[in-house]
$ cat entry14.txt   # compact mmCIF, C-alpha atoms
# COMPACT_ATOMS: atom_id res chain seq x y z
CA ILE Y 11 24.01 -13.23 -17.58
CA PHE Y 12 24.48 -15.22 -20.79
CA ARG Y 13 23.71 -18.65 -19.27
CA SER Y 14 21.89 -19.92 -16.20
CA GLU Y 15 24.15 -20.15 -13.18
CA GLU Y 16 25.67 -23.39 -11.99
CA MET Y 17 23.57 -24.92 -9.21
CA GLY Y 18 24.36 -27.19 -6.31
CA LEU Y 19 22.00 -29.55 -4.45
CA TYR Y 20 22.07 -29.23 -0.66
CA SER Y 21 20.38 -31.03 2.19
CA ILE Y 22 19.12 -28.72 4.94
CA THR Y 23 18.05 -29.76 8.44
CA ILE Y 24 16.09 -27.34 10.61
CA SER Y 25 14.83 -27.63 14.17
CA LYS Y 26 11.04 -27.46 14.41
CA ASP Y 27 11.14 -24.70 17.03
CA SER Y 28 13.50 -22.62 14.88
CA ALA Y 29 11.85 -23.30 11.50
CA TRP Y 30 10.03 -19.97 11.25
CA ASN Y 31 13.08 -17.87 12.14
CA VAL Y 32 15.31 -19.82 9.77
CA MET Y 33 12.93 -19.52 6.81
CA GLU Y 34 12.24 -15.88 7.56
CA GLU Y 35 15.96 -15.08 7.47
CA MET Y 36 17.01 -17.30 4.55
CA GLY Y 37 13.99 -16.31 2.49
CA GLN Y 38 15.43 -12.81 2.18
CA LEU Y 39 18.26 -14.19 0.03
CA ASP Y 40 15.85 -15.12 -2.79
CA CYS Y 41 18.16 -17.79 -4.19
CA LEU Y 42 16.99 -21.10 -2.64
CA HIS Y 43 14.81 -23.46 -4.65
CA PHE Y 44 13.27 -26.21 -2.47
CA LEU Y 45 12.20 -29.59 -3.82
CA ASP Y 46 8.79 -30.91 -2.80
CA LEU Y 47 9.49 -34.10 -0.83
CA ASN Y 48 5.77 -34.52 -0.01
CA SER Y 49 4.41 -34.48 -3.56
CA SER Y 50 2.48 -37.72 -2.94
CA GLN Y 51 0.64 -36.16 0.03
CA GLN Y 52 -2.58 -34.21 -0.36
CA VAL Y 53 -2.15 -30.46 0.13
CA TYR Y 54 -4.83 -30.23 2.84
CA ASN Y 55 -3.17 -33.03 4.85
CA ARG Y 56 0.21 -31.34 5.16
CA THR Y 57 1.58 -29.94 8.41
CA PHE Y 58 0.87 -26.26 7.85
CA ALA Y 59 -2.25 -26.57 5.68
CA ASN Y 60 -4.40 -24.92 8.36
CA LEU Y 61 -2.05 -21.94 8.67
CA ILE Y 62 -2.02 -21.49 4.90
CA ARG Y 63 -5.84 -21.43 4.92
CA ARG Y 64 -5.73 -18.76 7.61
CA CYS Y 65 -3.34 -16.74 5.47
CA ASP Y 66 -5.72 -17.07 2.51
CA GLU Y 67 -8.58 -15.83 4.68
CA ALA Y 68 -6.50 -12.89 5.91
CA GLU Y 69 -5.61 -11.99 2.29
CA ARG Y 70 -9.31 -12.08 1.37
CA ARG Y 71 -10.15 -9.69 4.20
CA ILE Y 72 -7.32 -7.35 3.25
CA LYS Y 73 -8.54 -7.36 -0.36
CA TYR Y 74 -12.04 -6.44 0.81
CA ILE Y 75 -10.68 -3.53 2.89
CA GLU Y 76 -8.56 -2.37 -0.07
CA ILE Y 77 -11.67 -2.27 -2.26
CA LEU Y 78 -13.48 -0.17 0.34
CA CYS Y 79 -10.48 2.17 0.62
CA SER Y 80 -10.57 2.71 -3.14
CA ARG Y 81 -14.36 3.19 -3.08
CA PHE Y 82 -14.22 5.78 -0.29
CA GLY Y 83 -11.26 7.71 -1.69
CA LEU Y 84 -8.44 6.56 0.60
CA GLU Y 85 -5.10 6.09 -1.16
CA LEU Y 86 -2.83 3.31 0.07
CA LYS Y 87 0.92 3.66 -0.29
CA GLU Y 88 3.03 0.57 -0.93
CA PRO Y 89 6.64 0.07 0.17
CA ALA Y 90 9.17 1.21 -2.40
CA SER Y 91 11.03 -2.11 -2.29
CA VAL Y 92 11.33 -5.37 -0.38
CA PRO Y 93 14.13 -4.04 1.88
CA GLN Y 94 11.91 -1.04 2.67
CA PHE Y 95 9.06 -3.42 3.53
CA LEU Y 96 11.30 -5.40 5.89
CA THR Y 97 12.35 -2.18 7.61
CA ASP Y 98 8.72 -1.02 7.97
CA MET Y 99 7.76 -4.46 9.25
CA ASP Y 100 10.43 -4.39 11.93
CA ASN Y 101 9.24 -0.95 13.03
CA LEU Y 102 5.61 -2.10 13.24
CA VAL Y 103 6.55 -5.16 15.28
CA LYS Y 104 8.45 -2.96 17.74
CA ILE Y 105 5.56 -0.51 18.01
CA ARG Y 106 2.99 -3.28 18.57
CA LYS Y 107 5.32 -4.89 21.14
CA VAL Y 108 4.88 -8.43 19.79
CA THR Y 109 7.25 -10.99 18.36
CA PRO Y 110 7.30 -11.44 14.57
CA GLU Y 111 5.92 -14.96 14.98
CA ALA Y 112 2.90 -13.67 16.97
CA TYR Y 113 2.27 -10.64 14.77
CA PHE Y 114 0.21 -12.70 12.31
CA GLU Y 115 -2.34 -13.57 15.01
CA LYS Y 116 -2.62 -9.89 15.90
CA ILE Y 117 -3.26 -9.00 12.25
CA GLU Y 118 -5.76 -11.83 11.92
CA ASN Y 119 -7.81 -10.71 14.93
CA GLN Y 120 -7.69 -7.08 13.85
CA LEU Y 121 -8.88 -7.92 10.33
CA GLN Y 122 -11.67 -10.15 11.60
CA MET Y 123 -13.14 -7.43 13.82
CA ALA Y 124 -12.69 -4.74 11.15
CA GLU Y 125 -14.36 -6.84 8.44
CA LYS Y 126 -17.42 -7.46 10.60
CA PHE Y 127 -17.83 -3.75 11.30
CA LEU Y 128 -17.19 -2.68 7.70
CA ILE Y 129 -19.57 -5.24 6.20
CA ASP Y 130 -22.35 -4.06 8.50
CA GLN Y 131 -21.73 -0.35 7.88
CA SER Y 132 -21.16 -0.66 4.14
CA LYS Y 133 -24.40 -2.66 3.79
CA LYS Y 134 -26.28 0.10 5.61
CA TYR Y 135 -24.59 2.73 3.44
CA GLN Y 136 -25.44 0.83 0.27
CA ASP Y 137 -29.09 0.51 1.29
CA MET Y 138 -29.25 4.23 2.09
CA TYR Y 139 -27.53 5.09 -1.21
CA ASP Y 140 -29.97 2.95 -3.20
CA HIS Y 141 -32.88 4.58 -1.37
CA TYR Y 142 -31.35 8.00 -2.05
CA LEU Y 143 -31.15 7.24 -5.79
CA TYR Y 144 -34.75 6.01 -5.70
CA LEU Y 145 -35.95 9.25 -4.10
CA THR Y 146 -33.92 11.55 -6.35
CA GLN Y 147 -35.22 9.81 -9.47
CA TYR Y 148 -38.77 10.08 -8.16
CA LYS Y 149 -38.31 13.82 -7.54
CA TYR Y 150 -36.72 14.29 -10.97
CA ILE Y 151 -39.64 12.52 -12.62
CA LEU Y 152 -42.20 14.65 -10.78
CA SER Y 153 -40.40 17.84 -11.78
CA ASN Y 154 -40.53 16.76 -15.45
CA LEU Y 155 -44.11 15.48 -15.51
CA GLY Y 156 -45.45 18.91 -16.48
CA GLY Y 157 -43.53 18.98 -19.75
CA MET Y 158 -44.37 15.35 -20.53
CA MET Y 159 -48.07 15.95 -19.90
CA LYS Y 160 -48.04 19.03 -22.10
CA SER Y 161 -46.72 16.75 -24.83
CA GLU Y 162 -49.59 14.35 -24.15
CA ARG Y 163 -52.18 17.16 -24.29
CA ARG Y 164 -50.78 18.48 -27.56
CA THR Y 165 -51.10 14.96 -28.96
CA SER Y 166 -54.69 14.57 -27.74
CA GLY Y 167 -55.72 18.15 -28.57
CA ASP Y 168 -56.59 19.02 -24.95
CA THR Y 169 -56.30 22.71 -23.97
CA ALA Y 170 -56.96 22.41 -20.22
CA ASP Y 171 -55.06 24.45 -17.67
CA SER Y 172 -51.58 23.09 -17.15
CA GLY Y 173 -51.78 23.47 -13.36
CA SER Y 174 -54.79 21.15 -12.88
CA TYR Y 175 -54.46 17.53 -11.76
CA VAL Y 176 -53.86 15.17 -14.64
CA GLY Y 177 -56.77 12.96 -13.68
CA ALA Y 178 -59.13 15.86 -14.21
CA ILE Y 179 -57.75 16.59 -17.68
CA ASN Y 180 -58.92 13.40 -19.26
CA ALA Y 181 -61.52 11.62 -17.19
CA GLY Y 182 -61.09 7.85 -17.06
CA LEU Y 183 -57.34 7.87 -17.74
CA SER Y 184 -54.63 6.46 -15.47
CA TYR Y 185 -50.93 7.31 -15.25
CA ILE Y 186 -47.86 5.28 -14.31
CA THR Y 187 -44.36 6.75 -14.34
CA GLY Y 188 -40.85 5.51 -13.62
CA ALA Y 189 -37.28 5.17 -14.88
CA ILE Y 190 -35.53 2.56 -17.00
CA LEU Y 191 -32.14 2.23 -18.68
CA LYS Y 192 -31.92 4.22 -21.89
CA GLU Y 193 -30.79 1.14 -23.83
CA ASP Y 194 -34.03 -0.65 -22.85
CA ALA Y 195 -36.36 2.18 -23.92
CA LEU Y 196 -37.15 0.88 -27.42
CA ARG Y 197 -37.70 -2.70 -26.23
CA PHE Y 198 -39.88 -1.34 -23.41
CA LYS Y 199 -42.16 0.48 -25.87
CA ARG Y 200 -42.44 -2.57 -28.13
CA ILE Y 201 -43.42 -4.90 -25.29
CA LEU Y 202 -46.01 -2.40 -24.02
CA PHE Y 203 -47.53 -2.10 -27.49
CA ARG Y 204 -47.72 -5.86 -28.06
CA ALA Y 205 -48.93 -6.75 -24.57
CA THR Y 206 -51.69 -4.11 -24.54
CA ARG Y 207 -52.45 -4.20 -28.29
CA GLY Y 208 -51.70 -0.52 -28.60
CA ASN Y 209 -54.08 0.56 -25.83
CA VAL Y 210 -51.44 2.54 -23.91
CA PHE Y 211 -49.65 5.75 -24.79
CA PRO Y 212 -46.03 5.79 -23.50
CA ILE Y 213 -43.99 9.02 -23.36
CA ILE Y 214 -40.25 8.54 -22.84
CA LYS Y 215 -37.68 11.26 -22.14
CA ASP Y 216 -33.93 10.85 -21.59
CA MET Y 217 -32.38 12.13 -18.37
CA GLU Y 218 -30.08 15.10 -18.81
CA LYS Y 219 -27.23 13.60 -16.74
CA PRO Y 220 -26.25 10.00 -15.94
CA ILE Y 221 -26.62 8.77 -12.39
CA HIS Y 222 -24.00 6.68 -10.59
CA ASP Y 223 -24.78 3.53 -8.66
CA TYR Y 224 -23.16 2.44 -5.39
CA LEU Y 225 -20.10 1.08 -7.23
CA GLY Y 226 -19.63 4.35 -9.10
CA ARG Y 227 -20.78 3.01 -12.47
CA PRO Y 228 -22.57 5.61 -14.64
CA LEU Y 229 -26.13 4.67 -15.62
CA ILE Y 230 -27.81 6.49 -18.50
CA LYS Y 231 -31.53 6.35 -17.86
CA SER Y 232 -34.79 7.49 -19.39
CA ILE Y 233 -38.01 8.39 -17.60
CA TYR Y 234 -41.39 7.29 -18.87
CA LEU Y 235 -45.02 8.28 -18.47
CA ILE Y 236 -47.58 5.69 -19.49
CA ILE Y 237 -51.17 6.83 -20.11
CA PHE Y 238 -53.95 4.25 -20.38
CA LYS Y 239 -57.63 3.80 -19.76
CA GLU Y 240 -58.54 3.17 -16.14
CA GLY Y 241 -59.01 -0.51 -15.23
CA ASP Y 242 -57.49 -3.01 -12.83
CA THR Y 243 -56.62 -5.53 -15.53
CA MET Y 244 -54.79 -2.99 -17.68
CA ARG Y 245 -53.08 -1.42 -14.65
CA ASN Y 246 -51.78 -4.76 -13.39
CA LYS Y 247 -50.51 -5.71 -16.83
CA VAL Y 248 -48.68 -2.41 -17.30
CA ALA Y 249 -47.28 -2.55 -13.75
CA ARG Y 250 -45.86 -6.05 -14.30
CA ILE Y 251 -44.14 -4.94 -17.50
CA CYS Y 252 -42.63 -1.90 -15.77
CA ASP Y 253 -41.41 -3.98 -12.83
CA SER Y 254 -39.76 -6.48 -15.19
CA PHE Y 255 -37.48 -3.71 -16.44
CA SER Y 256 -36.72 -2.00 -13.12
CA ASN Y 257 -38.05 -1.54 -9.60
CA GLU Y 258 -38.32 2.22 -10.11
CA ARG Y 259 -42.04 2.52 -10.82
CA PHE Y 260 -44.01 5.36 -9.25
CA GLU Y 261 -47.62 6.44 -9.02
CA VAL Y 262 -48.54 9.96 -10.07
CA PRO Y 263 -49.73 11.82 -6.93
CA GLN Y 264 -52.75 14.12 -6.88
CA ASN Y 265 -50.69 17.07 -5.62
CA ILE Y 266 -47.34 17.01 -7.37
CA MET Y 267 -45.94 20.14 -5.71
CA GLU Y 268 -46.70 18.88 -2.22
CA LYS Y 269 -45.14 15.48 -3.01
CA GLU Y 270 -41.98 17.19 -4.32
CA MET Y 271 -41.57 19.13 -1.07
CA GLU Y 272 -42.07 15.95 0.95
CA LEU Y 273 -39.47 14.11 -1.14
CA GLN Y 274 -36.99 16.97 -0.74
CA ASN Y 275 -37.22 16.73 3.06
CA ILE Y 276 -36.70 12.97 2.98
CA ILE Y 277 -33.76 13.33 0.57
CA THR Y 278 -32.09 15.86 2.88
CA ASP Y 279 -32.45 13.58 5.92
CA THR Y 280 -31.20 10.56 3.97
CA LYS Y 281 -28.21 12.52 2.68
CA ASN Y 282 -27.24 13.63 6.20
CA LEU Y 283 -27.48 10.05 7.49
CA MET Y 284 -25.39 8.83 4.55
CA GLU Y 285 -22.71 11.41 5.34
CA LYS Y 286 -22.51 10.25 8.98
CA THR Y 287 -22.24 6.61 7.95
CA ARG Y 288 -19.62 7.45 5.34
CA ASN Y 289 -17.56 9.31 7.95
CA GLU Y 290 -17.71 6.28 10.28
CA ILE Y 291 -16.49 3.98 7.51
CA GLN Y 292 -13.70 6.37 6.50
CA THR Y 293 -12.60 6.72 10.13
CA LYS Y 294 -12.33 2.94 10.44
CA LEU Y 295 -10.50 2.62 7.14
CA SER Y 296 -8.09 5.41 8.04
CA LEU Y 297 -6.80 3.24 10.90
CA PHE Y 298 -5.41 0.85 8.26
CA ASN Y 299 -4.01 3.74 6.25
CA ASN Y 300 -1.99 5.16 9.12
CA TYR Y 301 1.71 5.69 8.68
CA ALA Y 302 3.39 4.33 11.78
CA PRO Y 303 6.50 6.18 13.03
CA ASP Y 304 9.52 5.53 10.80
CA CYS Y 305 7.28 3.74 8.26
CA ASN Y 306 6.94 4.90 4.64
CA ALA Y 307 3.95 2.76 3.65
CA SER Y 308 0.35 2.21 4.76
CA GLU Y 309 -0.06 -0.26 7.57
CA LEU Y 310 -2.62 -2.28 5.58
CA VAL Y 311 -0.19 -2.76 2.68
CA VAL Y 312 2.64 -3.73 5.02
CA SER Y 313 0.30 -6.25 6.66
CA LYS Y 314 -0.65 -7.63 3.23
CA TRP Y 315 2.99 -8.18 2.33
CA PHE Y 316 3.62 -9.74 5.74
CA VAL Y 317 0.74 -12.21 5.28
CA ARG Y 318 2.13 -13.18 1.87
CA LYS Y 319 5.52 -13.75 3.44
CA GLU Y 320 3.95 -15.90 6.15
CA LYS Y 321 2.11 -17.94 3.54
CA ASN Y 322 5.29 -18.55 1.54
CA ILE Y 323 7.16 -19.62 4.69
CA TYR Y 324 4.57 -22.26 5.53
CA TYR Y 325 4.26 -23.26 1.87
CA THR Y 326 8.03 -23.94 1.80
CA LEU Y 327 8.00 -25.82 5.12
CA ASN Y 328 5.25 -28.07 3.73
CA LYS Y 329 7.74 -29.27 1.11
CA MET Y 330 10.05 -30.66 3.80
CA LYS Y 331 9.94 -34.00 5.61
CA ILE Y 332 9.50 -34.18 9.38
CA GLU Y 333 11.87 -36.74 10.87
CA GLY Y 334 12.54 -38.02 14.38
CA ARG Y 335 10.74 -37.47 17.63
CA ALA Y 336 12.33 -34.05 17.97
CA GLY Y 337 10.47 -32.96 14.86
CA LEU Y 338 13.36 -32.01 12.60
CA PHE Y 339 12.54 -30.59 9.18
CA ARG Y 340 14.69 -32.11 6.46
CA GLY Y 341 14.61 -30.84 2.91
CA LEU Y 342 16.50 -30.55 -0.36
CA CYS Y 343 17.20 -27.26 -2.08
CA TRP Y 344 19.10 -25.96 -5.08
CA ILE Y 345 21.48 -23.06 -4.46
CA PRO Y 346 23.57 -21.15 -7.01
CA LEU Y 347 27.22 -21.96 -6.30
CA SER Y 348 28.12 -18.30 -6.70
CA ARG Y 349 25.92 -17.43 -3.71
CA ILE Y 350 26.92 -20.14 -1.26
CA GLN Y 351 28.91 -17.59 0.70
CA GLU Y 352 25.76 -15.46 1.17
CA VAL Y 353 23.88 -18.51 2.47
CA GLU Y 354 26.67 -19.32 4.91
CA GLU Y 355 26.69 -15.72 6.14
CA SER Y 356 22.93 -15.95 6.68
CA ILE Y 357 23.41 -19.13 8.73
CA THR Y 358 26.02 -17.35 10.83
CA LYS Y 359 23.52 -14.55 11.42
CA ILE Y 360 20.86 -17.08 12.47
CA GLU Y 361 23.25 -18.53 15.05
CA GLN Y 362 23.29 -15.15 16.78
CA LEU Y 363 19.50 -15.02 17.15
CA PRO Y 364 18.21 -15.85 20.65
CA TYR Y 365 16.51 -19.22 21.18
CA THR Y 366 17.23 -20.25 17.58
CA LEU Y 367 19.23 -23.24 16.33
CA ALA Y 368 21.07 -22.69 13.07
CA PRO Y 369 20.25 -25.07 10.19
CA LYS Y 370 22.68 -27.72 9.02
CA LEU Y 371 23.63 -27.49 5.36
CA LYS Y 372 25.28 -30.35 3.47
CA GLN Y 373 26.03 -30.66 -0.23
CA MET Y 374 24.54 -33.67 -2.01
CA ASP Y 375 25.23 -35.52 -5.24
CA ALA Y 376 22.21 -36.18 -7.41
CA PRO Y 377 23.22 -36.82 -11.03
CA HIS Y 378 19.72 -38.03 -11.91
CA LEU Y 379 18.11 -34.65 -11.01
CA THR Y 380 18.05 -31.75 -13.44
CA PRO Y 381 18.89 -28.44 -11.74
CA PRO Y 382 16.56 -25.46 -12.24
CA SER Y 383 17.54 -22.50 -14.39
CA PHE Y 384 18.63 -19.47 -12.37
CA PHE Y 385 19.41 -16.22 -14.17
CA ARG Y 386 20.93 -13.23 -12.47
CA THR Y 387 18.99 -10.12 -13.49
CA ASN Y 388 18.93 -6.44 -12.62
CA ASP Y 389 16.26 -3.73 -12.69
CA PHE Y 390 16.74 -3.27 -16.43
CA LEU Y 391 16.68 -6.96 -17.44
CA ALA Y 392 13.93 -8.11 -15.05
CA PRO Y 393 10.93 -7.05 -17.26
CA PHE Y 394 12.43 -8.67 -20.35
CA GLN Y 395 13.23 -11.84 -18.40
CA ALA Y 396 9.59 -12.01 -17.29
CA ILE Y 397 8.47 -11.80 -20.95
CA VAL Y 398 10.80 -14.65 -21.93
CA ASP Y 399 9.67 -16.77 -18.97
CA THR Y 400 6.05 -16.33 -20.11
CA TYR Y 401 6.79 -18.30 -23.29
CA GLY Y 402 9.08 -20.86 -21.68
CA LEU Y 403 12.01 -21.20 -19.31
CA PRO Y 404 15.41 -21.96 -20.85
CA SER Y 405 16.94 -25.29 -19.86
CA TYR Y 406 19.74 -25.55 -17.33
CA GLN Y 407 23.01 -24.01 -18.59
CA GLU Y 408 21.25 -22.95 -21.80
CA ALA Y 409 21.86 -19.53 -23.33
CA ASN Y 410 19.49 -16.87 -22.03
CA PRO Y 411 17.49 -15.28 -24.91
CA THR Y 412 16.60 -12.28 -22.73
CA LEU Y 413 19.73 -10.44 -23.84
CA PHE Y 414 18.65 -10.69 -27.48
CA THR Y 415 15.04 -9.48 -27.01
$ encode --input "entry14.txt" --output "structure tokens"
Amino acid sequence: IFRSEEMGLYSITISKDSAWNVMEEMGQLDCLHFLDLNSSQQVYNRTFANLIRRCDEAERRIKYIEILCSRFGLELKEPASVPQFLTDMDNLVKIRKVTPEAYFEKIENQLQMAEKFLIDQSKKYQDMYDHYLYLTQYKYILSNLGGMMKSERRTSGDTADSGSYVGAINAGLSYITGAILKEDALRFKRILFRATRGNVFPIIKDMEKPIHDYLGRPLIKSIYLIIFKEGDTMRNKVARICDSFSNERFEVPQNIMEKEMELQNIITDTKNLMEKTRNEIQTKLSLFNNYAPDCNASELVVSKWFVRKEKNIYYTLNKMKIEGRAGLFRGLCWIPLSRIQEVEESITKIEQLPYTLAPKLKQMDAPHLTPPSFFRTNDFLAPFQAIVDTYGLPSYQEANPTLFT
């Protein structure tokens, strides 16, 4: 605890056909530090570069599905610990009736098909949601036009009946309405005034409640009613300014009540279609959130941890040299001397695996190499050790400052 443990340099030789099983078993010890014997070789030219790229692609797909699970309210449960993950992984492999080496291909194919379906359905859902927001804002604006027009008539001194069409109130006037972000309201009024030289009369009212976009972000918006003298030049100029702020620009219909009823019917149909699409997406996502028998974590999370493990196995094998026609992997690794017995027991366990050749381990002398620092930690010391490592790792056999933090 006070100083880094004494390390020994060992040469390890692994059969190519048994490399995956050996690394999968010895990796559980978490005490081997491999030296990169291929540092002069480009990463993309190494033996398992293609498999590492496939692991990266699988991780990207899993991340995309995790985002959708969070967006659609599905909670994913992670394994409580690494031993629990290994137990859940063994159970999943038995249920799927595949070997651990072939399970990655099964995950890869499953993720590829699921991503294609989810991208297509989520794009449709997003388009429907955006259209739904467009329609609800249009209906909200129409329901508030009466009060905004009363404000305009009080300003102009008009005493016409409030139920008549706005075009009949002031002959020769045109109306454009829409919605913009509340933070843009003042800039919107200034640009309208300067571009039209004060020949328009904008009325702006804040929405009572914020709306939420597809990503769940709250948007505080204001609705506007722009009154101006009829003319194509002025209308085009005002329309371009409105479109530069948002694409939510609407024309004032002749019969507002009839238009509101029409919008309500469309909103209801769109909402029902959105609900069906959402249920399809949630059903697909729930397949990844299933708890397999004897498993305590979501299948998607277990698959994510498995892909990371696969990636680390191939990353470690890329550090080793391939020698001979038989394709033997030969590498160098540092092992704490206090845990040599654990490594030997792991090798004995590998010998009992079917169709697997145990690795050959041999101690080496390398006085010119500086061993890495290895500190034994527990659940209490681990967070403090991580803080110390952030600022710098202590040298080999140097006192560990973690105990004094």
$ residues_around --input "entry14.txt" --residues "Ser313 in chain Y" --least-positions-apart "3" --cutoff "12 Å" --atoms "all atoms listed in the file" --output "VMD selection string"
chain Y and resid 65 68 to 69 71 to 73 75 to 76 88 to 89 95 to 96 98 to 100 102 to 103 110 113 to 118 120 to 121 298 to 300 307 to 310 316 to 320
$ atom_distance --input "entry14.txt" --atom1 "CA of Gly337 in chain Y" --atom2 "CA of Ser21 in chain Y"
16.2 Å
$ atom_distance --input "entry14.txt" --atom1 "CA of Thr57 in chain Y" --atom2 "CA of Ala112 in chain Y"
18.4 Å
$ residues_around --input "entry14.txt" --residues "Glu352 in chain Y" --least-positions-apart "6" --cutoff "10 Å" --atoms "all atoms listed in the file" --output "JSON, numbers by chain"
{"Y": [36, 39, 41, 358]}
$ closest_residue --input "entry14.txt" --among "Y:Thr109, Y:Asn322, Y:Asn209, Y:Gln131" --to "Gln292 in chain Y" --atoms "all atoms listed in the file"
Y:Gln131
$ residues_around --input "entry14.txt" --residues "Asn154 in chain Y" --least-positions-apart "4" --cutoff "12 Å" --atoms "only C-alpha atoms" --output "ChimeraX atom specification"
/Y:147-150,158-161,187-188,213-218,232-235,262,266-267,270
$ closest_residue --input "entry14.txt" --among "Y:Met123, Y:Ala205, Y:Leu347, Y:Leu45" --to "Met330 in chain Y" --atoms "only C-alpha atoms"
Y:Leu45
$ atom_distance --input "entry14.txt" --atom1 "CA of Glu290 in chain Y" --atom2 "CA of Val311 in chain Y"
21.1 Å
$ decode --input "entry14.txt" --residues "range 107-122 of chain Y" --atoms "N, CA, C and O atoms" --output "CSV table (one decimal), in the first residue's frame"
chain,number,residue,atom,x,y,z
Y,107,LYS,N,-26.9,-20.1,-27.2
Y,107,LYS,CA,-26.3,-21.3,-27.7
Y,107,LYS,C,-25.3,-21.1,-28.8
Y,107,LYS,O,-25.2,-21.6,-29.9
Y,108,VAL,N,-24.3,-20.2,-28.4
Y,108,VAL,CA,-23.2,-19.9,-29.2
Y,108,VAL,C,-21.9,-19.9,-28.4
Y,108,VAL,O,-22.0,-19.8,-27.1
Y,109,THR,N,-20.8,-20.0,-29.0
Y,109,THR,CA,-19.5,-20.0,-28.2
Y,109,THR,C,-19.2,-18.5,-27.9
Y,109,THR,O,-19.6,-17.6,-28.6
Y,110,PRO,N,-18.4,-18.3,-26.9
Y,110,PRO,CA,-18.1,-16.9,-26.6
Y,110,PRO,C,-17.3,-16.2,-27.7
Y,110,PRO,O,-17.5,-15.0,-27.9
Y,111,GLU,N,-16.5,-16.9,-28.5
Y,111,GLU,CA,-15.8,-16.3,-29.6
Y,111,GLU,C,-16.8,-15.8,-30.7
Y,111,GLU,O,-16.5,-14.8,-31.3
Y,112,ALA,N,-17.9,-16.6,-30.9
Y,112,ALA,CA,-18.8,-16.2,-32.0
Y,112,ALA,C,-19.9,-15.3,-31.5
Y,112,ALA,O,-20.7,-14.8,-32.3
Y,113,TYR,N,-20.0,-15.0,-30.2
Y,113,TYR,CA,-21.1,-14.2,-29.7
Y,113,TYR,C,-20.9,-12.7,-30.2
Y,113,TYR,O,-22.0,-12.1,-30.4
Y,114,PHE,N,-19.7,-12.3,-30.4
Y,114,PHE,CA,-19.5,-10.9,-31.0
Y,114,PHE,C,-20.2,-10.8,-32.3
Y,114,PHE,O,-20.9,-9.7,-32.6
Y,115,GLU,N,-20.1,-11.7,-33.2
Y,115,GLU,CA,-20.7,-11.6,-34.5
Y,115,GLU,C,-22.2,-11.6,-34.4
Y,115,GLU,O,-22.9,-10.9,-35.2
Y,116,LYS,N,-22.8,-12.3,-33.4
Y,116,LYS,CA,-24.2,-12.3,-33.2
Y,116,LYS,C,-24.7,-11.0,-32.8
Y,116,LYS,O,-25.7,-10.4,-33.2
Y,117,ILE,N,-23.9,-10.4,-31.8
Y,117,ILE,CA,-24.2,-9.0,-31.4
Y,117,ILE,C,-24.1,-8.0,-32.5
Y,117,ILE,O,-25.0,-7.1,-32.7
Y,118,GLU,N,-23.1,-8.1,-33.3
Y,118,GLU,CA,-22.9,-7.2,-34.4
Y,118,GLU,C,-24.0,-7.2,-35.4
Y,118,GLU,O,-24.5,-6.2,-35.8
Y,119,ASN,N,-24.5,-8.4,-35.8
Y,119,ASN,CA,-25.6,-8.5,-36.7
Y,119,ASN,C,-26.9,-8.0,-36.1
Y,119,ASN,O,-27.7,-7.3,-36.8
Y,120,GLN,N,-27.1,-8.3,-34.8
Y,120,GLN,CA,-28.3,-7.8,-34.2
Y,120,GLN,C,-28.3,-6.3,-34.1
Y,120,GLN,O,-29.4,-5.7,-34.4
Y,121,LEU,N,-27.2,-5.7,-33.8
Y,121,LEU,CA,-27.1,-4.3,-33.7
Y,121,LEU,C,-27.3,-3.6,-35.0
Y,121,LEU,O,-27.9,-2.5,-35.2
Y,122,GLN,N,-26.8,-4.2,-36.1
Y,122,GLN,CA,-26.9,-3.6,-37.4
Y,122,GLN,C,-28.3,-3.6,-37.9
Y,122,GLN,O,-28.8,-2.6,-38.4
